[in-house]
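Here's the structure we're looking at; comments come further down.
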Amino acid sequence: MKNAFINTAFIGAVLASHGAEAKNVEEELTRLDRAMQQAVVDRDPVAFGSFLTDDYVLVVSSSKIYGKSEVVADITNPDTLFSKNESSNLHIRVHKDTAMVIADLHQVLCVAENPSIIGFASPTPGSR
């Protein structure tokens, strides 16, 4: 009976440490996501590009695919200014050495060739 209690206590301690570890990973991923989104607003291609792997791809709602160089170049486009680029409602899943972050992205941008055009991008509720 004593061994069963010790094993149960050990399993509980291991699970608690993994829970704390996962929470720390989630907090770090949230912090990194905020820093990445801020790099877009700051128009910092080096900082933004450091968050993306060389084989990064972005698939937009029209099904067009953009590579890392195109996405990074877009934030320095003098004709586009992002005044807001914030993610919210983050859902973070961690499994071993892999993590996935799914979030709503709220963007406000101004297009220089027609400053009266302001873009706003946010997902449709329930569109995950």
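Naming works like this for the structure tokens: A, B, ... for the chains as they're shown, residue 1 at the start of each chain, ligands 1 onward in shown order.
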
Got a sec: who's within 9 Å of stretch 27-39 of chain A, counting only C-alpha atoms, leaving out chain neighbours fewer than 3 positions off, as a list of chain:residue names? A:Ala22, A:Lys23, A:Asn24, A:Asp42, A:Arg43, A:Asp44, A:Pro45, A:Val46, A:Ala47, A:Phe48, A:Gly49, A:Ser50, A:Phe51, A:Ile75, A:Lys84, A:Asn85, A:Glu86, A:Ser87, A:Leu90, A:Ile92, A:Ala99, A:Val101

Would you compute the distance between atom CA of A:Thr53 and atom CA of A:Val111? Give it in Å to one decimal.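 So the answer is 27.7 Å.
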
Every residue of stretch 21-117 of chain A that DSSP places in helix (DSSP H, G or I), as a ChimeraX atom specification: /A:21-41,45-50,68-75

Would you output that residue set with C-alpha atoms, as a compact mmCIF listing (two decimals), in the first residue's frame?
# COMPACT_ATOMS: atom_id res chain seq x y z
CA GLU A 21 6.45 23.33 -17.83
CA ALA A 22 3.63 23.50 -20.41
CA LYS A 23 2.34 26.70 -18.79
CA ASN A 24 5.84 28.23 -19.08
CA VAL A 25 6.02 27.16 -22.73
CA GLU A 26 2.61 28.71 -23.39
CA GLU A 27 3.65 31.95 -21.69
CA GLU A 28 6.87 32.05 -23.72
CA LEU A 29 5.02 31.37 -27.00
CA THR A 30 2.53 34.12 -26.15
CA ARG A 31 5.40 36.53 -25.47
CA LEU A 32 7.13 35.55 -28.73
CA ASP A 33 3.89 35.96 -30.70
CA ARG A 34 3.45 39.49 -29.33
CA ALA A 35 7.05 40.33 -30.22
CA MET A 36 6.57 38.98 -33.74
CA GLN A 37 3.38 40.99 -34.26
CA GLN A 38 5.11 44.13 -32.92
CA ALA A 39 7.98 43.62 -35.39
CA VAL A 40 5.41 44.01 -38.18
CA VAL A 41 4.14 47.32 -36.75
CA PRO A 45 12.32 42.84 -41.20
CA VAL A 46 15.29 41.36 -39.30
CA ALA A 47 13.28 40.87 -36.10
CA PHE A 48 10.21 39.62 -37.99
CA GLY A 49 12.24 37.29 -40.21
CA SER A 50 13.96 35.76 -37.18
CA LYS A 68 9.28 33.90 -46.21
CA SER A 69 11.05 36.48 -48.39
CA GLU A 70 7.74 37.81 -49.74
CA VAL A 71 6.14 38.03 -46.29
CA VAL A 72 9.18 39.78 -44.79
CA ALA A 73 9.42 42.17 -47.75
CA ASP A 74 5.75 43.05 -47.36
CA ILE A 75 6.24 44.62 -43.93
